[in-house]
Amino acid sequence: MGSMTLLRAAGFSLSFGSRVLFEDLTMVVEESERVGLVGVNGSGKSTLLRLLAGETTPDTGERQLRRGTRITYLPQEPTFPAGATVAGELSVAQAPLRQALTEHQDLAERLGQLAGPALDRAVTELARLSERIEHLGGWDTEHLARTLLDRLGVKDWDRPIAELSGGLQKRVAIARALLARPDLLLLDEPTNHLDADTVEWLEEALDELEGALVLVTHDRYFLDDLVDRIIEIQPGSGVISYPGNYEAYLEQKLVAQADAEFSGHKRDRWIAQEVAWLRRGPEARRTKSKARIERARKLMAERGFIRPRVPELQTVASPRLGHTVLEARHASFAYGPREVLRDVDVIVQGGERIGIVGPNGAGKTTLVRLLLGEVPPSKGEVVRGKNTKVAYYDQARTKLDPEQTVYDAAWGEDFVDLGGRQVPLRDYLDDLLFPVPMQRMQVKALSGGERNRLLLARIFLVGANVLVLDEPTNDLDLVTLNVLERLLLGFMGAVLLVTHDRYFLDKVATRILAVEGDGSVVGYPGNFSLYRRLKAQSAPAAREVAIPKLASPDARGPATAAKGSKLGYLDQRELAGIEAAIQAAEARRAASEAALVDPAIYSDAHAAEGARKDLAEAAAEVDRLYARWGELLSLTAST
């Protein structure tokens, strides 16, 4: 193993039954290197991370690690020991730092007793320990931990982690990983459950880490701004390494296609379109990203790489419909005397793609429910056009019959109407990565990722003129993301996007609605990057204010926070997480509805009765949570 190599995966092979995931896969990670792992859904990205972390072992092959290398692995769904607290987990992460501090203090106290060569050795060792302490985060360990929690919006310093929501647990795990300052950090989809402001901060924090990084993410700005090399997993085989960031990776794939006399199948044109869009220089691109791609191009030039000529991507705006689809006029929404949304004025028109952003818990879901008429305004009015028809991405799954073929489940007719164009269904499905042989398969034979792709196919065909997509980019590979973006850019109706994906919003959104968390909703023209610039100009401190903060690094605890409020600490914590709980309960209700749609369930009377009972309980839980939310807000407002 080379002196600069931290980790080497040598000849990994792994199979699950008859399915070969990897065969003779070999890769290395060097010191301070930033690597992005990419591949289609099901190619084994998360599995490879677990192999690199030593969490699981391959059928054949060897994991070679440089002596003394410290690895931290953060899975998509982090786990914690039973009884763990936030403070305890962060203390574990800082154990190497505390040890170095202890050794430094002990040695410093003994200096006065030493002389001659022993003193020289002690002074040299003190310098080494000082350097290690700085490398591990500095001298004030508790301040560093509290600062990280502050940035991540975690307030429950002394609470058991098991009592926190999944999103807050993910934030604690991120803080734990950053505090560990490992030589190699392995991250699997770290941006899930994070709002856009926190994602931007995390990107900066990872950029400042001294150790190496291997990253699996659907966030293409992460891939473009952070990584120096992209490793693409070839399904059932090994990996291909590309120097540079996301844009350089795509350019190299274009050249590889040309060298192989690539046929240019329409579903693979996403590479050229993506490169063309990136070259237009989105405003959010950072200096370090440009420096990375220039370094990659110099290296590629040494290897005989010729930068491809890509025609500029021209995006034609969809024509607006001649009437208002949805309109909120001075609309407010309240539980009891407390206004969650206040004096909202929004007009949604055909051809618009509106991104809804804001901190977690600010009220994004409530805004969507208000606009769609699912909850009535307490003041003002919401007007819905008589021809308005809404389709939800997550609701479409109840319409999938596992016994149908992919072709019939998608639509059932031979032609589809896409913005006035009659397109053969087989071609439409082929665009969405369902070639004709797969179209003949039954839905039940599809993988989870393929089923999600079929749901995307169907949602554009149900005749809706308003699409509501809630975090549509999660768990989709880069090819499918590009296909989704192309469909949205050509969609004639209106689109409401609840997402934290900055790249997706930059490429797709025509307007941003920012839910500020204080009841106000502010509209901004253009995409996410323009929104950030306009927001920064109107409020210079917005970048700092946008991320939830603790009262202060030396806050005196829950009693201080509760002063002046009728809510106790437990009630405050319940209120902070109740909107996420409502979303989870609604998801359970949707899953129960989906179970009842499955024809197979009616062959078992006991199972059918159980499914109906589950649906009734899930619906009751949704109603209970909304009622409880109103009670808590009423108590807060009555202070």
# chains A, B, ... in the order shown; residues from 1 in each chain; ligands from 1
>>> residues_around(residues="Gln439 in chain A", least_positions_apart="6", cutoff="7 Å", atoms="only C-alpha atoms", output="PyMOL selection string")
chain A and resi 405-407
>>> closest_residue(among="A:Arg171, A:Arg453, A:His500, A:Arg110", to="Lys364 in chain A", atoms="only C-alpha atoms")
A:His500
>>> atom_distance(atom1="CA of Leu202 in chain A", atom2="CA of Gly577 in chain A")
21.9 Å
>>> residues_around(residues="range 381-394 of chain A", least_positions_apart="2", cutoff="6 Å", atoms="only C-alpha atoms", output="list in words")
Val325, Leu326, Glu327, Ala328, Arg329, Ala331, Ala396, Ala464, Asn465, Val466, Leu467, Val468 and Leu469 of chain A
>>> residues_around(residues="range 521-536 of chain A", least_positions_apart="4", cutoff="10 Å", atoms="only C-alpha atoms", output="CSV table (one decimal) with N, CA, C and O atoms, in the first residue's frame")
chain,number,residue,atom,x,y,z
A,196,ALA,N,-32.6,23.7,3.4
A,196,ALA,CA,-31.5,24.2,2.5
A,196,ALA,C,-30.4,25.0,3.2
A,196,ALA,O,-29.3,24.9,2.8
A,197,ASP,N,-30.8,25.8,4.2
A,197,ASP,CA,-29.8,26.6,4.9
A,197,ASP,C,-28.8,25.7,5.6
A,197,ASP,O,-27.6,26.0,5.6
A,282,PRO,N,-24.5,28.5,-13.2
A,282,PRO,CA,-25.5,29.0,-12.2
A,282,PRO,C,-24.9,29.9,-11.2
A,282,PRO,O,-23.7,29.7,-10.9
A,283,GLU,N,-25.6,30.8,-10.7
A,283,GLU,CA,-25.1,31.8,-9.8
A,283,GLU,C,-24.6,31.2,-8.5
A,283,GLU,O,-23.7,31.8,-7.9
A,284,ALA,N,-25.1,30.1,-8.2
A,284,ALA,CA,-24.7,29.5,-6.9
A,284,ALA,C,-23.3,28.8,-7.0
A,284,ALA,O,-22.8,28.4,-6.0
A,285,ARG,N,-22.7,28.7,-8.2
A,285,ARG,CA,-21.4,28.1,-8.3
A,285,ARG,C,-20.3,28.8,-7.5
A,285,ARG,O,-20.3,30.0,-7.4
A,341,LEU,N,-49.9,30.7,9.8
A,341,LEU,CA,-49.7,31.4,8.6
A,341,LEU,C,-50.5,32.7,8.6
A,341,LEU,O,-51.6,32.7,9.0
A,342,ARG,N,-49.9,33.8,8.2
A,342,ARG,CA,-50.5,35.1,8.4
A,342,ARG,C,-50.5,35.9,7.1
A,342,ARG,O,-49.5,36.2,6.5
A,343,ASP,N,-51.7,36.3,6.7
A,343,ASP,CA,-51.9,37.3,5.6
A,343,ASP,C,-51.2,36.9,4.4
A,343,ASP,O,-50.4,37.6,3.8
A,344,VAL,N,-51.4,35.6,3.9
A,344,VAL,CA,-50.7,35.1,2.8
A,344,VAL,C,-51.4,35.5,1.5
A,344,VAL,O,-52.6,35.2,1.3
A,345,ASP,N,-50.7,36.0,0.6
A,345,ASP,CA,-51.2,36.4,-0.8
A,345,ASP,C,-50.4,35.6,-1.8
A,345,ASP,O,-49.2,35.9,-2.0
A,346,VAL,N,-51.0,34.6,-2.4
A,346,VAL,CA,-50.3,33.8,-3.4
A,346,VAL,C,-51.2,33.5,-4.6
A,346,VAL,O,-52.4,33.2,-4.4
A,353,ARG,N,-43.6,26.8,-11.8
A,353,ARG,CA,-43.0,25.8,-11.0
A,353,ARG,C,-42.5,26.4,-9.7
A,353,ARG,O,-41.4,27.1,-9.7
A,354,ILE,N,-43.3,26.3,-8.7
A,354,ILE,CA,-43.0,27.1,-7.4
A,354,ILE,C,-42.3,26.2,-6.4
A,354,ILE,O,-42.9,25.1,-6.0
A,355,GLY,N,-41.1,26.6,-6.0
A,355,GLY,CA,-40.4,25.9,-4.9
A,355,GLY,C,-40.8,26.5,-3.6
A,355,GLY,O,-40.8,27.7,-3.4
A,356,ILE,N,-41.2,25.6,-2.6
A,356,ILE,CA,-41.6,26.0,-1.3
A,356,ILE,C,-40.4,25.6,-0.4
A,356,ILE,O,-40.1,24.4,-0.2
A,357,VAL,N,-39.8,26.6,0.2
A,357,VAL,CA,-38.6,26.4,1.1
A,357,VAL,C,-38.8,27.0,2.4
A,357,VAL,O,-39.7,27.9,2.6
A,358,GLY,N,-38.0,26.6,3.4
A,358,GLY,CA,-38.0,27.1,4.7
A,358,GLY,C,-37.5,26.1,5.7
A,358,GLY,O,-37.3,25.0,5.4
A,363,GLY,N,-43.8,25.4,8.5
A,363,GLY,CA,-45.1,25.4,8.1
A,363,GLY,C,-45.3,25.2,6.6
A,363,GLY,O,-46.3,25.6,6.0
A,364,LYS,N,-44.3,24.6,5.9
A,364,LYS,CA,-44.4,24.4,4.5
A,364,LYS,C,-45.6,23.4,4.1
A,364,LYS,O,-46.3,23.7,3.2
A,367,LEU,N,-48.8,25.2,4.5
A,367,LEU,CA,-49.1,26.1,3.4
A,367,LEU,C,-49.7,25.4,2.2
A,367,LEU,O,-50.6,25.8,1.5
A,500,HIS,N,-35.7,20.5,-0.4
A,500,HIS,CA,-34.5,21.2,0.0
A,500,HIS,C,-33.4,21.1,-1.0
A,500,HIS,O,-32.3,21.6,-0.7
A,501,ASP,N,-33.6,20.5,-2.1
A,501,ASP,CA,-32.6,20.3,-3.1
A,501,ASP,C,-32.3,21.5,-3.9
A,501,ASP,O,-33.1,21.9,-4.8
A,502,ARG,N,-31.2,22.2,-3.6
A,502,ARG,CA,-30.9,23.5,-4.2
A,502,ARG,C,-30.7,23.4,-5.7
A,502,ARG,O,-31.1,24.2,-6.5
A,503,TYR,N,-30.0,22.3,-6.1
A,503,TYR,CA,-29.7,22.1,-7.6
A,503,TYR,C,-31.0,22.0,-8.3
A,503,TYR,O,-31.2,22.6,-9.4
A,504,PHE,N,-31.9,21.1,-7.8
A,504,PHE,CA,-33.2,20.8,-8.4
A,504,PHE,C,-34.0,22.1,-8.6
A,504,PHE,O,-34.6,22.4,-9.6
A,505,LEU,N,-34.0,23.0,-7.5
A,505,LEU,CA,-34.7,24.2,-7.6
A,505,LEU,C,-34.1,25.2,-8.5
A,505,LEU,O,-34.8,26.0,-9.2
A,506,ASP,N,-32.8,25.2,-8.6
A,506,ASP,CA,-32.1,26.1,-9.5
A,506,ASP,C,-32.5,25.8,-11.0
A,506,ASP,O,-32.7,26.6,-11.8
A,507,LYS,N,-32.6,24.5,-11.2
A,507,LYS,CA,-32.8,24.1,-12.6
A,507,LYS,C,-34.3,24.1,-13.0
A,507,LYS,O,-34.6,24.3,-14.2
A,508,VAL,N,-35.2,24.0,-12.1
A,508,VAL,CA,-36.6,23.8,-12.4
A,508,VAL,C,-37.5,25.0,-12.0
A,508,VAL,O,-38.3,25.4,-12.7
A,509,ALA,N,-37.2,25.6,-10.8
A,509,ALA,CA,-38.2,26.6,-10.2
A,509,ALA,C,-38.2,27.9,-11.0
A,509,ALA,O,-37.2,28.4,-11.4
A,510,THR,N,-39.4,28.4,-11.2
A,510,THR,CA,-39.6,29.8,-11.7
A,510,THR,C,-39.9,30.8,-10.6
A,510,THR,O,-39.8,32.0,-10.9
A,511,ARG,N,-40.2,30.3,-9.5
A,511,ARG,CA,-40.6,31.2,-8.3
A,511,ARG,C,-40.3,30.4,-7.0
A,511,ARG,O,-40.5,29.2,-7.0
A,512,ILE,N,-40.0,31.2,-6.0
A,512,ILE,CA,-39.7,30.6,-4.7
A,512,ILE,C,-40.7,31.2,-3.7
A,512,ILE,O,-40.8,32.4,-3.6
A,513,LEU,N,-41.4,30.4,-2.9
A,513,LEU,CA,-42.1,30.8,-1.7
A,513,LEU,C,-41.4,30.4,-0.5
A,513,LEU,O,-41.2,29.2,-0.2
A,514,ALA,N,-40.9,31.4,0.3
A,514,ALA,CA,-40.1,31.2,1.5
A,514,ALA,C,-41.0,31.3,2.7
A,514,ALA,O,-41.6,32.3,3.0
A,515,VAL,N,-41.2,30.1,3.4
A,515,VAL,CA,-42.0,30.1,4.6
A,515,VAL,C,-41.1,30.5,5.8
A,515,VAL,O,-40.2,29.7,6.1
A,516,GLU,N,-41.2,31.6,6.4
A,516,GLU,CA,-40.2,32.2,7.2
A,516,GLU,C,-40.2,31.6,8.7
A,516,GLU,O,-39.3,31.8,9.4
A,517,GLY,N,-41.4,31.0,9.0
A,517,GLY,CA,-41.4,30.4,10.4
A,517,GLY,C,-42.1,31.3,11.4
A,517,GLY,O,-42.4,30.9,12.5
A,540,PRO,N,-29.0,41.6,5.4
A,540,PRO,CA,-27.6,41.1,5.3
A,540,PRO,C,-27.3,40.0,6.3
A,540,PRO,O,-26.4,39.2,6.1
A,541,ALA,N,-28.0,39.9,7.4
A,541,ALA,CA,-27.8,38.8,8.4
A,541,ALA,C,-28.6,37.5,8.1
A,541,ALA,O,-28.6,36.6,8.9
A,542,ALA,N,-29.3,37.5,7.0
A,542,ALA,CA,-30.2,36.4,6.7
A,542,ALA,C,-29.5,35.0,6.8
A,542,ALA,O,-30.1,34.1,7.3
A,543,ARG,N,-28.3,35.0,6.3
A,543,ARG,CA,-27.6,33.7,6.2
A,543,ARG,C,-27.4,33.1,7.6
A,543,ARG,O,-27.5,31.9,7.8
>>> residues_around(residues="Leu37 in chain A", least_positions_apart="5", cutoff="8 Å", atoms="only C-alpha atoms", output="list in words")
Lys45, Val214, Leu215, Val216, Thr217, Ile230, Ile231, Glu232 and Ile233 of chain A
>>> write_last_selection(atoms="C-alpha atoms", output="compact mmCIF listing (two decimals), in the first residue's frame")
# COMPACT_ATOMS: atom_id res chain seq x y z
CA LYS A 45 -23.60 2.54 -3.29
CA VAL A 214 -16.32 9.46 0.59
CA LEU A 215 -19.84 10.67 -0.12
CA VAL A 216 -23.06 9.13 -1.46
CA THR A 217 -25.57 11.88 -2.21
CA ILE A 230 -16.13 10.65 -8.82
CA ILE A 231 -16.29 6.85 -8.72
CA GLU A 232 -19.13 5.33 -10.72
CA ILE A 233 -20.31 1.85 -9.74
>>> decode(residues="range 200-211 of chain A", atoms="all heavy atoms", output="compact mmCIF listing (two decimals), in the first residue's frame")
# COMPACT_ATOMS: atom_id res chain seq x y z
N GLU A 200 -26.41 24.03 3.14
CA GLU A 200 -25.32 24.92 2.71
C GLU A 200 -24.24 25.01 3.79
O GLU A 200 -23.05 24.99 3.49
CB GLU A 200 -25.87 26.31 2.39
CG GLU A 200 -26.58 26.38 1.05
CD GLU A 200 -26.71 27.81 0.58
OE1 GLU A 200 -26.38 28.75 1.34
OE2 GLU A 200 -27.15 28.00 -0.57
N TRP A 201 -24.66 25.12 5.04
CA TRP A 201 -23.68 25.17 6.12
C TRP A 201 -22.89 23.87 6.19
O TRP A 201 -21.68 23.88 6.38
CB TRP A 201 -24.39 25.43 7.46
CG TRP A 201 -23.44 25.26 8.60
CD1 TRP A 201 -22.55 26.19 9.07
CD2 TRP A 201 -23.23 24.07 9.36
NE1 TRP A 201 -21.82 25.65 10.09
CE2 TRP A 201 -22.21 24.35 10.29
CE3 TRP A 201 -23.81 22.81 9.36
CZ2 TRP A 201 -21.76 23.41 11.21
CZ3 TRP A 201 -23.37 21.87 10.27
CH2 TRP A 201 -22.36 22.17 11.18
N LEU A 202 -23.57 22.72 6.04
CA LEU A 202 -22.88 21.44 6.10
C LEU A 202 -21.87 21.33 4.97
O LEU A 202 -20.76 20.80 5.17
CB LEU A 202 -23.90 20.30 6.01
CG LEU A 202 -23.32 18.88 5.99
CD1 LEU A 202 -22.51 18.60 7.25
CD2 LEU A 202 -24.42 17.84 5.82
N GLU A 203 -22.22 21.83 3.80
CA GLU A 203 -21.27 21.80 2.68
C GLU A 203 -20.00 22.56 3.03
O GLU A 203 -18.88 22.08 2.77
CB GLU A 203 -21.94 22.42 1.45
CG GLU A 203 -21.11 22.36 0.19
CD GLU A 203 -21.82 22.98 -0.99
OE1 GLU A 203 -23.01 22.69 -1.19
OE2 GLU A 203 -21.18 23.78 -1.71
N GLU A 204 -20.15 23.72 3.65
CA GLU A 204 -18.98 24.50 4.06
C GLU A 204 -18.18 23.76 5.13
O GLU A 204 -16.94 23.72 5.11
CB GLU A 204 -19.41 25.87 4.58
CG GLU A 204 -20.06 26.77 3.55
CD GLU A 204 -19.05 27.32 2.55
OE1 GLU A 204 -17.83 27.17 2.79
OE2 GLU A 204 -19.48 27.92 1.54
N ALA A 205 -18.90 23.15 6.11
CA ALA A 205 -18.21 22.45 7.18
C ALA A 205 -17.41 21.27 6.65
O ALA A 205 -16.27 21.02 7.08
CB ALA A 205 -19.22 21.97 8.23
N LEU A 206 -17.97 20.52 5.70
CA LEU A 206 -17.25 19.39 5.10
C LEU A 206 -16.06 19.86 4.28
O LEU A 206 -15.02 19.21 4.23
CB LEU A 206 -18.20 18.56 4.23
CG LEU A 206 -19.31 17.80 4.98
CD1 LEU A 206 -20.26 17.15 3.99
CD2 LEU A 206 -18.72 16.76 5.91
N ASP A 207 -16.22 21.01 3.64
CA ASP A 207 -15.13 21.55 2.83
C ASP A 207 -13.93 21.91 3.69
O ASP A 207 -12.78 21.86 3.24
CB ASP A 207 -15.63 22.79 2.07
CG ASP A 207 -14.79 23.09 0.85
OD1 ASP A 207 -14.16 22.16 0.32
OD2 ASP A 207 -14.77 24.25 0.41
N GLU A 208 -14.19 22.25 4.97
CA GLU A 208 -13.10 22.67 5.86
C GLU A 208 -12.45 21.50 6.59
O GLU A 208 -11.41 21.67 7.23
CB GLU A 208 -13.65 23.67 6.88
CG GLU A 208 -14.07 25.00 6.25
CD GLU A 208 -14.84 25.88 7.21
OE1 GLU A 208 -14.99 25.47 8.40
OE2 GLU A 208 -15.30 26.96 6.81
N LEU A 209 -13.05 20.31 6.53
CA LEU A 209 -12.46 19.15 7.20
C LEU A 209 -11.12 18.79 6.57
O LEU A 209 -10.95 18.86 5.35
CB LEU A 209 -13.41 17.95 7.11
CG LEU A 209 -14.58 17.89 8.08
CD1 LEU A 209 -15.36 16.61 7.86
CD2 LEU A 209 -14.12 17.97 9.53
N GLU A 210 -10.18 18.38 7.40
CA GLU A 210 -8.85 18.04 6.89
C GLU A 210 -8.79 16.60 6.39
O GLU A 210 -7.94 16.27 5.57
CB GLU A 210 -7.80 18.25 7.99
CG GLU A 210 -7.66 19.71 8.41
CD GLU A 210 -6.59 19.88 9.48
OE1 GLU A 210 -5.87 18.91 9.74
OE2 GLU A 210 -6.49 20.98 10.04
N GLY A 211 -9.66 15.72 6.88
CA GLY A 211 -9.60 14.31 6.50
C GLY A 211 -10.17 14.04 5.13
O GLY A 211 -10.67 14.93 4.43
